[in-house]
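A.B. asks: Contents of work-v1.cif (mmCIF, C-alpha atoms):
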```
data_coords
#
loop_
_atom_site.label_atom_id
_atom_site.label_comp_id
_atom_site.auth_asym_id
_atom_site.auth_seq_id
_atom_site.Cartn_x
_atom_site.Cartn_y
_atom_site.Cartn_z
CA MET A 1 31.35 -25.45 8.93
CA GLU A 2 34.16 -24.41 11.26
CA ILE A 3 37.84 -24.66 10.40
CA SER A 4 40.28 -22.97 12.83
CA ASN A 5 39.80 -19.25 12.26
CA THR A 6 37.04 -19.74 9.68
CA THR A 7 33.29 -20.09 10.19
CA ILE A 8 30.86 -20.01 7.27
CA LEU A 9 27.11 -20.49 7.54
CA TYR A 10 26.09 -22.06 4.26
CA GLY A 11 22.48 -21.94 3.10
CA VAL A 12 21.63 -18.32 4.00
CA PRO A 13 19.11 -17.29 1.30
CA LYS A 14 20.37 -14.83 -1.30
CA VAL A 15 19.69 -11.11 -0.89
CA ALA A 16 19.45 -9.32 -4.24
CA TYR A 17 17.28 -6.76 -5.98
CA GLY A 18 14.52 -8.38 -8.00
CA THR A 19 10.81 -8.79 -8.56
CA GLU A 20 10.35 -10.21 -5.06
CA GLY A 21 11.68 -7.11 -3.32
CA CYS A 22 13.91 -4.07 -3.52
CA THR A 23 14.25 -2.84 0.09
CA PRO A 24 17.52 -4.21 1.49
CA PHE A 25 16.89 -4.23 5.25
CA PRO A 26 13.60 -6.17 5.08
CA MET A 27 15.20 -8.46 2.50
CA CYS A 28 18.02 -9.18 4.96
CA VAL A 29 15.61 -9.84 7.84
CA HIS A 30 13.64 -12.19 5.61
CA SER A 31 16.83 -14.03 4.62
CA CYS A 32 18.11 -14.40 8.18
CA ALA A 33 14.71 -15.43 9.55
CA ASN A 34 14.32 -18.12 6.92
CA TYR A 35 17.84 -19.42 7.55
CA LEU A 36 16.97 -19.74 11.23
CA GLY A 37 13.77 -21.61 10.42
CA LEU A 38 11.25 -18.87 11.17
CA PRO A 39 8.05 -18.80 9.06
CA VAL A 40 8.48 -15.18 8.02
CA ASP A 41 7.96 -13.77 4.52
CA TYR A 42 8.89 -10.48 2.88
CA THR A 43 5.37 -9.04 3.04
CA GLN A 44 5.34 -9.50 6.81
CA VAL A 45 8.77 -7.93 7.24
CA MET A 46 7.94 -4.95 5.04
CA ALA A 47 4.76 -4.20 6.98
CA GLU A 48 5.86 -5.01 10.52
CA SER A 49 9.16 -3.12 10.17
CA GLY A 50 7.21 -0.09 8.94
CA ALA A 51 9.19 0.09 5.68
CA ALA A 52 6.13 -0.63 3.52
CA PHE A 53 4.56 2.68 4.55
CA ARG A 54 7.51 5.02 4.08
CA LEU A 55 8.23 7.81 1.60
CA VAL A 56 11.03 10.34 2.12
CA TRP A 57 12.23 13.33 0.10
CA ASP A 58 15.08 15.58 1.18
CA THR A 59 14.08 19.18 0.49
CA ALA A 60 17.70 20.40 0.58
CA CYS A 61 18.99 18.50 -2.46
CA TRP A 62 18.42 15.66 -4.89
CA ASP A 63 19.42 13.02 -2.38
CA GLY A 64 20.18 9.50 -3.57
CA GLY A 65 19.68 8.30 0.01
CA ASN A 66 15.97 9.20 0.16
CA VAL A 67 14.91 5.60 -0.40
CA ASP A 68 17.01 4.12 2.42
CA ALA A 69 14.69 2.34 4.85
CA VAL A 70 16.73 3.72 7.76
CA PHE A 71 14.63 6.91 7.39
CA THR A 72 11.33 5.05 7.90
CA PHE A 73 10.91 6.37 11.45
CA ASP A 74 12.45 9.55 12.79
CA ASP A 75 14.51 7.38 15.15
CA PRO A 76 16.58 5.11 12.86
CA ASP A 77 16.99 2.46 15.55
CA LYS A 78 13.23 1.89 15.59
CA LEU A 79 13.34 0.32 12.12
CA PHE A 80 16.08 -2.06 13.24
CA ALA A 81 14.30 -2.83 16.51
CA CYS A 82 11.10 -3.66 14.63
CA GLY A 83 13.04 -5.91 12.26
CA MET A 84 14.56 -7.85 15.13
CA ARG A 85 11.21 -8.01 16.95
CA ILE A 86 9.83 -9.90 13.93
CA MET A 87 12.45 -12.55 14.75
CA GLY A 88 11.51 -12.41 18.43
CA GLY A 89 14.75 -10.67 19.36
CA ARG A 90 15.88 -7.43 20.92
CA LEU A 91 18.01 -4.96 19.02
CA LYS A 92 21.73 -5.52 19.51
CA ILE A 93 23.64 -3.04 17.37
CA LEU A 94 27.25 -1.90 17.14
CA ARG A 95 27.70 1.43 15.40
CA ARG A 96 30.93 2.69 13.94
CA THR A 97 32.22 5.79 15.74
CA PRO A 98 35.61 7.52 15.72
CA GLU A 99 36.50 5.35 18.73
CA THR A 100 35.38 2.06 17.19
CA LYS A 101 38.14 -0.30 16.14
CA LYS A 102 38.10 -2.93 13.44
CA GLU A 103 38.67 -5.51 16.18
CA ASP A 104 35.38 -4.46 17.81
CA PHE A 105 33.52 -5.27 14.60
CA ILE A 106 35.39 -8.54 14.18
CA ASP A 107 34.60 -9.63 17.73
CA PHE A 108 30.91 -8.88 17.20
CA ILE A 109 30.83 -10.78 13.90
CA ARG A 110 32.71 -13.81 15.20
CA THR A 111 30.55 -14.10 18.31
CA GLU A 112 27.34 -14.10 16.29
CA ILE A 113 28.52 -16.28 13.41
CA ASP A 114 30.08 -18.83 15.79
CA SER A 115 26.69 -19.00 17.52
CA GLY A 116 25.07 -19.89 14.20
CA HIS A 117 23.48 -16.51 13.57
CA PRO A 118 24.04 -14.40 10.44
CA VAL A 119 24.79 -10.71 10.98
CA ILE A 120 23.06 -7.81 9.25
CA ALA A 121 25.52 -5.04 8.39
CA LEU A 122 25.22 -1.56 6.93
CA GLY A 123 27.82 -1.09 4.22
CA ILE A 124 30.60 -3.70 3.76
CA ILE A 125 30.31 -3.27 -0.04
CA GLY A 126 29.12 0.02 -1.52
CA PRO A 127 26.71 2.41 0.27
CA PRO A 128 25.40 1.92 3.83
CA GLU A 129 22.46 -0.25 2.82
CA ALA A 130 21.79 -3.45 4.73
CA CYS A 131 23.53 -6.69 3.76
CA VAL A 132 24.03 -10.12 5.34
CA ILE A 133 27.33 -11.43 6.69
CA ALA A 134 27.18 -15.22 6.55
CA GLY A 135 30.73 -16.09 7.50
CA TYR A 136 34.34 -15.07 7.97
CA ARG A 137 37.86 -16.24 7.21
CA ASP A 138 41.30 -15.17 8.39
CA GLY A 139 39.95 -14.63 11.89
CA GLY A 140 37.47 -12.06 10.60
CA ASP A 141 39.65 -10.05 8.21
CA THR A 142 37.75 -11.63 5.31
CA LEU A 143 33.95 -11.58 5.25
CA LEU A 144 31.44 -13.55 3.20
CA GLY A 145 27.73 -13.06 2.58
CA TRP A 146 25.14 -11.34 0.41
CA ASN A 147 25.07 -7.69 -0.63
CA VAL A 148 22.77 -6.14 -3.23
CA PHE A 149 25.75 -4.25 -4.68
CA GLN A 150 28.19 -7.16 -4.83
CA GLU A 151 27.95 -7.61 -8.59
CA TYR A 152 28.05 -3.92 -9.54
CA PRO A 153 31.01 -3.22 -11.87
CA GLU A 154 32.41 -0.45 -9.67
CA ASN A 155 32.89 -2.94 -6.81
CA GLN A 156 34.64 -5.73 -8.67
CA THR A 157 38.15 -4.74 -7.63
CA GLN A 158 37.22 -5.30 -3.97
CA VAL A 159 35.04 -8.41 -4.33
CA GLN A 160 35.53 -12.08 -5.14
CA PHE A 161 32.91 -14.81 -4.97
CA GLU A 162 32.44 -18.08 -3.14
CA GLN A 163 31.24 -21.01 -5.22
CA ASN A 164 27.71 -20.66 -3.82
CA GLY A 165 27.56 -16.97 -4.76
CA TYR A 166 28.53 -15.35 -1.45
CA PHE A 167 30.69 -12.26 -1.81
CA ILE A 168 34.21 -12.44 -0.40
CA THR A 169 35.84 -9.18 0.64
CA LYS A 170 38.87 -8.13 2.62
CA SER A 171 38.35 -4.37 2.24
CA TRP A 172 35.13 -4.04 4.22
CA TRP A 173 36.64 -1.97 7.04
CA GLU A 174 38.33 0.41 4.59
CA ASN A 175 34.88 1.21 3.17
CA PRO A 176 33.90 4.41 5.06
CA MET A 177 30.23 3.54 4.52
CA THR A 178 30.51 0.40 6.64
CA GLU A 179 28.53 1.90 9.50
CA ALA A 180 26.97 -0.73 11.77
CA LEU A 181 26.40 -4.36 12.69
CA ILE A 182 23.10 -5.85 13.88
CA ALA A 183 22.77 -9.24 15.55
CA ALA A 184 20.11 -11.33 13.82
CA GLY A 185 19.53 -14.01 16.41
CA THR A 186 16.17 -15.10 17.77
CA ASP A 187 14.74 -14.65 21.25
CA THR A 188 11.40 -14.85 23.03
CA LEU A 189 9.85 -11.41 22.53
CA PRO A 190 6.14 -11.63 21.62
CA ALA A 191 5.00 -11.17 18.04
CA PHE A 192 3.61 -7.80 16.98
CA SER A 193 -0.09 -7.33 17.63
CA PRO A 194 -2.21 -5.90 14.79
CA LYS A 195 -2.66 -2.74 16.86
CA GLU A 196 1.09 -2.24 17.16
CA VAL A 197 1.68 -2.78 13.45
CA LEU A 198 -1.00 -0.32 12.37
CA ARG A 199 -0.01 2.24 14.97
CA ASN A 200 3.55 2.12 13.67
CA ALA A 201 2.27 2.28 10.09
CA ALA A 202 0.33 5.44 10.87
CA GLU A 203 3.41 6.93 12.52
CA VAL A 204 5.42 6.30 9.36
CA LEU A 205 2.75 7.55 6.96
CA LYS A 206 2.00 10.75 8.89
CA GLY A 207 3.21 13.87 7.09
CA ARG A 208 6.04 15.60 8.90
CA MET A 209 9.48 17.22 8.60
CA CYS A 210 12.55 15.60 10.13
CA GLY A 211 15.40 18.02 9.60
CA THR A 212 15.39 18.74 5.87
CA GLN A 213 13.53 15.53 5.07
CA ALA A 214 9.84 15.60 4.22
CA LYS A 215 8.40 12.28 5.35
CA GLY A 216 5.19 10.34 4.86
CA ILE A 217 2.38 12.17 3.11
CA LEU A 218 4.36 15.43 3.18
CA ALA A 219 7.05 13.84 0.98
CA TYR A 220 4.68 13.89 -2.00
CA ASP A 221 4.65 17.69 -2.01
CA ALA A 222 8.44 17.87 -1.79
CA TRP A 223 8.82 15.35 -4.63
CA LYS A 224 6.33 17.26 -6.81
CA ASP A 225 7.95 20.63 -6.05
CA ALA A 226 11.35 19.26 -7.05
CA LEU A 227 10.01 17.98 -10.38
CA LEU A 228 8.36 21.31 -11.14
CA ARG A 229 11.44 23.39 -10.31
CA GLU A 230 12.52 24.24 -13.84
CA SER A 231 15.88 25.56 -12.68
CA ASP A 232 16.74 21.97 -11.72
CA PHE A 233 16.10 20.81 -15.30
CA PRO A 234 17.86 23.38 -17.51
CA ARG A 235 17.86 22.66 -21.24
CA ASP A 236 21.66 22.73 -21.25
CA ALA A 237 22.03 20.44 -18.22
CA VAL A 238 24.96 18.03 -18.40
CA PHE A 239 23.77 14.44 -18.60
CA PRO A 240 25.05 13.35 -15.13
CA VAL A 241 22.73 15.93 -13.56
CA LEU A 242 19.75 14.44 -15.38
CA VAL A 243 20.89 10.95 -14.32
CA GLU A 244 20.80 12.10 -10.69
CA ARG A 245 17.29 13.47 -11.14
CA MET A 246 16.10 10.20 -12.66
CA MET A 247 17.70 8.12 -9.90
CA CYS A 248 15.88 10.07 -7.18
CA HIS A 249 12.57 10.02 -9.06
CA GLY A 250 12.98 6.31 -9.78
CA ASP A 251 13.82 5.55 -6.16
CA ALA A 252 10.59 7.23 -5.05
CA MET A 253 8.67 5.07 -7.51
CA ASP A 254 10.47 1.95 -6.29
CA CYS A 255 9.72 2.84 -2.69
CA LEU A 256 6.01 3.19 -3.37
CA SER A 257 5.70 0.24 -5.75
CA ASP A 258 7.45 -2.18 -3.40
CA GLY A 259 6.06 -0.70 -0.20
CA ARG A 260 2.42 -0.10 -0.99
CA HIS A 261 2.09 -3.47 -2.77
CA HIS A 262 3.18 -5.33 0.36
CA ALA A 263 1.25 -2.99 2.65
CA ALA A 264 -1.93 -3.90 0.78
CA GLY A 265 -1.11 -7.60 0.94
CA TYR A 266 -0.50 -7.45 4.67
CA LEU A 267 -3.77 -5.63 5.36
CA ARG A 268 -5.69 -8.25 3.37
CA ARG A 269 -4.15 -10.96 5.53
CA LEU A 270 -5.28 -9.09 8.62
CA ALA A 271 -8.77 -8.84 7.15
CA GLU A 272 -8.97 -12.64 7.09
CA LYS A 273 -8.00 -12.77 10.77
CA CYS A 274 -10.12 -9.81 11.92
CA PRO A 275 -13.58 -10.22 10.36
CA ALA A 276 -15.10 -7.34 12.34
CA GLN A 277 -12.65 -4.93 10.70
CA ALA A 278 -12.34 -6.76 7.38
CA GLU A 279 -14.27 -4.23 5.31
CA LYS A 280 -12.19 -1.30 6.55
CA LEU A 281 -8.92 -3.24 6.22
CA ASN A 282 -9.73 -4.20 2.63
CA ARG A 283 -10.79 -0.66 1.81
CA THR A 284 -7.50 0.69 3.18
CA ALA A 285 -5.59 -1.95 1.23
CA GLN A 286 -7.37 -0.77 -1.92
CA GLU A 287 -6.07 2.77 -1.37
CA PHE A 288 -2.54 1.36 -1.52
CA ASP A 289 -3.48 -0.60 -4.66
CA HIS A 290 -4.53 2.62 -6.36
CA ILE A 291 -1.03 4.01 -5.79
CA THR A 292 0.69 1.07 -7.45
CA ASP A 293 -1.82 1.25 -10.31
CA ILE A 294 -0.94 4.91 -10.94
CA LEU A 295 2.74 4.03 -10.99
CA TRP A 296 2.48 1.05 -13.30
CA LYS A 297 -0.37 2.08 -15.58
CA GLU A 298 0.28 5.82 -15.88
CA MET A 299 3.72 7.00 -14.77
CA ILE A 300 5.81 4.14 -16.17
CA PRO A 301 4.26 4.26 -19.66
CA VAL A 302 5.10 7.97 -19.94
CA LEU A 303 8.71 7.25 -19.02
CA GLY A 304 8.84 4.41 -21.51
CA GLY A 305 9.58 1.65 -19.05
CA TRP A 306 10.73 0.91 -15.52
CA GLU A 307 14.39 1.09 -16.45
CA ARG A 308 16.55 4.14 -15.79
CA GLY A 309 18.23 4.36 -19.15
CA GLU A 310 18.72 7.33 -21.43
CA LYS A 311 15.16 7.08 -22.75
CA GLN A 312 13.63 7.44 -19.28
CA ILE A 313 16.09 10.17 -18.31
CA ARG A 314 15.16 12.24 -21.38
CA GLN A 315 11.46 11.70 -20.78
CA LEU A 316 11.74 12.93 -17.20
CA ALA A 317 13.54 16.08 -18.37
CA GLU A 318 10.59 17.11 -20.54
CA PRO A 319 8.51 19.82 -18.77
CA GLU A 320 5.15 18.49 -19.97
CA ASN A 321 5.93 15.05 -18.58
CA ARG A 322 6.94 16.43 -15.20
CA ARG A 323 3.72 18.43 -15.05
CA LEU A 324 1.84 15.24 -15.79
CA PHE A 325 3.78 13.43 -13.04
CA ALA A 326 2.92 16.24 -10.60
CA GLY A 327 -0.77 15.49 -11.07
CA GLN A 328 -0.16 11.78 -10.59
CA ILE A 329 1.80 12.49 -7.41
CA ASP A 330 -1.11 14.55 -6.07
CA ARG A 331 -3.46 11.64 -6.71
CA MET A 332 -1.13 9.15 -5.01
CA LYS A 333 -0.91 11.49 -2.05
CA ALA A 334 -4.71 11.59 -1.82
CA HIS A 335 -4.85 7.79 -1.68
CA ASP A 336 -2.20 7.69 1.05
CA GLN A 337 -4.17 10.31 3.00
CA GLN A 338 -7.24 8.07 2.87
CA ALA A 339 -5.10 5.11 3.92
CA TYR A 340 -3.65 7.11 6.81
CA THR A 341 -7.15 7.89 8.09
CA GLY A 342 -8.06 4.23 7.85
CA LEU A 343 -4.90 3.11 9.64
CA CYS A 344 -5.51 5.54 12.52
CA GLU A 345 -9.08 4.31 12.96
CA LEU A 346 -8.07 0.67 12.72
CA ALA A 347 -5.26 1.09 15.23
CA GLU A 348 -7.86 2.18 17.76
CA GLU A 349 -10.22 -0.69 17.00
CA LEU A 350 -7.81 -3.62 16.81
CA GLN A 351 -6.13 -5.37 19.70
#
```
Render the structure in this file as structure tokens.
C.D. replies:
Amino acid sequence: MEISNTTILYGVPKVAYGTEGCTPFPMCVHSCANYLGLPVDYTQVMAESGAAFRLVWDTACWDGGNVDAVFTFDDPDKLFACGMRIMGGRLKILRRTPETKKEDFIDFIRTEIDSGHPVIALGIIGPPEACVIAGYRDGGDTLLGWNVFQEYPENQTQVQFEQNGYFITKSWWENPMTEALIAAGTDTLPAFSPKEVLRNAAEVLKGRMCGTQAKGILAYDAWKDALLRESDFPRDAVFPVLVERMMCHGDAMDCLSDGRHHAAGYLRRLAEKCPAQAEKLNRTAQEFDHITDILWKEMIPVLGGWERGEKQIRQLAEPENRRLFAGQIDRMKAHDQQAYTGLCELAEELQ
């Protein structure tokens, strides 16, 4: 619908945390692809973007940003490029720099929306996680769309809602965490080959340091070391400190639960298409299944549930529980190591 200085693309599927997914960028790609009529699902986006295989832990601090999919590869643009490749398009991104003006962002948004394409943005409401811009009013001063943080109480003074549920915000540029815009249009780039997907997966899963961030298999050690550092869990710790610890621990669990579940599903699909490698693909998928089993059947019961309430926070603070979690983390790491070996071998065998 276009009215003078207003264009709104109605029907863009909702992006929100839930049982179907909790990784914003792949959720946004899935939403935009489906709006544009592409037969893409969340499992495909998680695997082909590389996000399903990630785990990150900052060794310098308890970092609430560990879980952000932007850290999947060491080059953040590679995640975005893979996401757009799933839609057949090349990466077209506008980053916010000291020289960038609000008008630059507005021009980008209007061009894409007027062409019938939603825009994926980092920020707009809350932290610099991905969201979808589905329209604009007031020539671009007011934006509409979906953001996983749009209903959080702390954001309600900046957000109103369209009848269909879209957020409406005028203060998006004033948010310092509004960092980038990504065009989500389609093009004619070829689909990923199985070899490319698994090669990228192995790149993501490989243990390595990127600055202060431990990534891939190496992140398990950093996570475990943080839990076992008793000085970070003093008996007289103020509650907000324990909340921070639980948020980071919970984010790591979310990352693995969401990621490895869809990684396993994707590999099983490949097994149906690649009978010669089916046994190895299914065996590698099973390694990822073991990780989600440890999370759901062992770690979550000790915490007393998947929530991050006071009960879980207090359970995490107990030294005996953290020692138990350390053993579980070691076992999850071992399964990811086996999966990494399988992915490397498969990447050589598949076309």
A.B. asks: Quick one: apply the PyMOL selection byres ((chain A and resi 108) around 12) to the file and drop the selected residues here as a PyMOL selection string.
C.D. replies: chain A and resi 92-95+100-107+109-115+117-121+133+136+139-140+180-184
A.B. asks: Nearest to Trp62 of chain A among A:Met247, A:Met209, A:Leu343, A:Ala278, with distances taken over all atoms listed in the file: which residue is it?
C.D. replies: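 Nearest to Trp62 of chain A: A:Met247.
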A.B. asks: Using all atoms listed in the file, can you tell me which of A:Ala33, A:Cys255, A:Val159, A:Leu144 comes closest to Asp68 of chain A?
C.D. replies: A:Cys255
A.B. asks: One decimal, in Å: what's the spacing between atom CA of Arg85 of chain A and atom CA of Leu189 of chain A?
C.D. replies: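 Value for the atom CA of Arg85 of chain A-atom CA of Leu189 of chain A distance: 6.7 Å.
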A.B. asks: When you count only C-alpha atoms, which of these residues is closest to Asp254 of chain A: A:Leu228, A:Ile86, A:Ala130, A:Ile291?
C.D. replies: A:Ile291
A.B. asks: Residues picked by the PyMOL selection byres ((chain A and resi 49) around 7) here, as a PyMOL selection string?
C.D. replies: chain A and resi 45-48+50-51+79+82-83
A.B. asks: In Å to one decimal, how far is atom CA of Pro127 of chain A from atom CA of Pro98 of chain A?
C.D. replies: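 Value for the atom CA of Pro98 of chain A-atom CA of Pro127 of chain A distance: 18.5 Å.
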A.B. asks: Please evaluate the PyMOL selection byres ((chain A and resi 345) around 12) against the displayed coordinates and give the resulting residues as a compact mmCIF listing (two decimals) with C-alpha atoms, keeping the file's coordinate frame.
C.D. replies:
```
# COMPACT_ATOMS: atom_id res chain seq x y z
CA LYS A 195 -2.66 -2.74 16.86
CA LEU A 198 -1.00 -0.32 12.37
CA ARG A 199 -0.01 2.24 14.97
CA ALA A 201 2.27 2.28 10.09
CA ALA A 202 0.33 5.44 10.87
CA GLN A 277 -12.65 -4.93 10.70
CA LYS A 280 -12.19 -1.30 6.55
CA LEU A 281 -8.92 -3.24 6.22
CA THR A 284 -7.50 0.69 3.18
CA GLN A 338 -7.24 8.07 2.87
CA ALA A 339 -5.10 5.11 3.92
CA TYR A 340 -3.65 7.11 6.81
CA THR A 341 -7.15 7.89 8.09
CA GLY A 342 -8.06 4.23 7.85
CA LEU A 343 -4.90 3.11 9.64
CA CYS A 344 -5.51 5.54 12.52
CA LEU A 346 -8.07 0.67 12.72
CA ALA A 347 -5.26 1.09 15.23
CA GLU A 348 -7.86 2.18 17.76
CA GLU A 349 -10.22 -0.69 17.00
CA LEU A 350 -7.81 -3.62 16.81
```
A.B. asks: Between A:Asp77, A:Glu287, A:Asp251, A:Asp336, which is the closest to Cys22 of chain A once you count only C-alpha atoms?
C.D. replies: A:Asp251
A.B. asks: Show me, as a list in words, the residues that have an atom within 12 Å of Ile300 of chain A when counting only C-alpha atoms, minus same-chain residues fewer than 3 positions from it.
C.D. replies: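 Contacts, in chain order: His249, Gly250, Met253, Asp254, Ser257, Thr292, Asp293, Ile294, Leu295, Trp296, Lys297, Leu303, Gly304, Gly305, Trp306, Glu307, Arg308, Lys311, Gln312, Gln315, Leu316, Asn321, Leu324, Phe325 and Gln328 of chain A.
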A.B. asks: Would you compute the distance between atom CA of Leu242 of chain A and atom CA of Glu298 of chain A? Give it in Å to one decimal.
C.D. replies: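 The value is 21.3 Å.
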A.B. asks: Set the distance at 8 Å and use only C-alpha atoms: which residues neighbour segment 212-220 of chain A once local chain neighbours fewer than 4 positions away are removed? I'd like the list as a PyMOL selection string.
C.D. replies: chain A and resi 53-60+204-208+224+329-330+333+336-337
A.B. asks: For each of A:Ala252, A:Pro128, A:Asp289, A:Gly165, take the minimum atom-to-atom distance to Arg268 of chain A, counting only C-alpha atoms, then give the residue where this is smallest.
C.D. replies: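 For Arg268 of chain A, the nearest of the candidates is A:Asp289.
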